[in-house]
Amino acid sequence: MTPTRTRRTAALAALAGLLATTAACTIVAPPDQIGLYYNQGSVEGNKFGHCVLPGTTGEEPINDYVVWLPDNVRYWRYALDDKADVKDGIVAGSLPTKGSTSGSQVKVFSQTSMMVNTNCTDGGSPAVQYWERVGRRFGAGWTGDGSLDEANNLRGDDGWREMMLAIVDVSLQTAIRQVARKYEAASMINNTDNVQARMQAEIGSIFISELNRLAGGRDYFCGPTFIRGADATWKETSTEGASTDKHGPCPPVEVTITNITRASAAEQSATEEKAAATERAAAALIGAQSLVDVRNKLGAALADPAYVRYLIEQERTRQVEICAAKPGCIVRIGPGVDADTTTG
C-alpha cells in the first residue's frame, strides 16, 4: 500500500470514528416533551444546565441526566368508563329545598384539561421551577427510555398520578363542593336555566386559586390553549354567562362539568322515573289536546248543512257499493225508484 493511500484510509477511519462518536452523543427530544438537562458531579453539584426544546437535539448526558416533562394537553377525568382517572363522581351537598333542613347529595362528573407551563429559558423559568418545587417531590418526570430513575426520582406515570391526586384532585374537590352548596340538587341535575355553565365559571375561579396555593403560588399549570413562548387566547366566562376574550402567557386550567346525578342510586332511579313519568304525562296531555281540537272542528263542520248533505251522499254511495257485492240486493235510491243489483 502506498503512503498516500495509507494516509487516506487513516483519515477516513478517523472521520468515521468522529461521526460515530458524534452520533452516539446526541439526544433527540420528542415533539411533545421538553427536556431539562441537569449537570451532576463533584464540581457542578446537581443543578439545572439548559433546556432541550421539543423536536430539537441535544448532547447526550454523561454522568448527568435529563428530566423529560410533557408538552401536551393532559386530562383528569371523573367518569364511569374504564379509562377514567377516577371511576366515580365527586360527592357534594346541595342547597336545601324550601321546608328542608339539609340538601340532597349529588355526584359531579367532570374533566380537567391542563398543560404544564413549559416556558424554559433559565433556572428561574416556570418549567424548571415546576420540577424543582413540585414535580420532583412526587417523581412526576420521565426518563428518556421510560425506565425509572430512583436516584433522581423520575417515576413517570406513577409519579404523575400521585401529583395529580395530591394537588389537582384536592383543588377540584374543594371547588366543586363549595359551589354545589349554593344550588338545589334538582336544578343542578336538570341543568335548569343552564346552571351548570354558571357552576363551571365559579368552580374554575376557586379551583385555580386552590391549585396555585397547593403548587406554591405560581402558574405551573396552564390551560389547553397554552403556547410555549407566546401569548395564548382564551374565552373567560363570568358567573352571569358573559364571555370575554383574554390573552396572556398562561391561560387558566379548564374544568368542564360532564354530568351531575343523585349520589344515592335509589334517589337517582326515582329521579329518572319521575322524569319519565313527566314525559308520559306531557305526551298524554298533547294527545288529549289534539283530540279536543278534532272534536271542536268536527262539531263546527256538522253545523254546516252543506257538509251534512255531503256526508249523506257519501253514505248512500257506500251502501250502494256494499249492496252491489251481494246477489239479489235492491237499494232504494229515491221515492218509487229501486236499483236492482241482481246478477246472473
# chains A, B, ... in the order shown; residues from 1 in each chain; ligands from 1
call {"tool": "select_by_dssp", "arguments": {"residues": "segment 96-339 of chain A", "states": "alpha helix (DSSP H)", "output": "PyMOL selection string"}}
result
chain A and resi 126-130+136-138+156-163+170-180+185-190+195-215+265-302+305-324
call {"tool": "residues_around", "arguments": {"residues": "segment 202-214 of chain A", "least_positions_apart": "4", "cutoff": "12 Å", "atoms": "only C-alpha atoms", "output": "PyMOL selection string"}}
result
chain A and resi 108+110-114+130+133-134+163-183+195-198+218-223+236-241+250-257
call {"tool": "residues_around", "arguments": {"residues": "segment 57-62 of chain A", "least_positions_apart": "5", "cutoff": "10 Å", "atoms": "only C-alpha atoms", "output": "JSON, numbers by chain"}}
result
{"A": [22, 23, 24, 25, 26, 27, 28, 29, 30, 35, 37, 38, 39, 40, 50, 51, 52]}
call {"tool": "select_by_dssp", "arguments": {"residues": "segment 147-241 of chain A", "states": "strand (DSSP E)", "output": "list in words"}}
result
Phe221, Cys222, Ala232, Thr233, Trp234, Lys235, Glu236 and Thr237 of chain A
call {"tool": "closest_residue", "arguments": {"among": "A:Asp245, A:Asp157, A:Asp71, A:Glu313", "to": "Arg228 of chain A", "atoms": "only C-alpha atoms"}}
result
A:Asp71
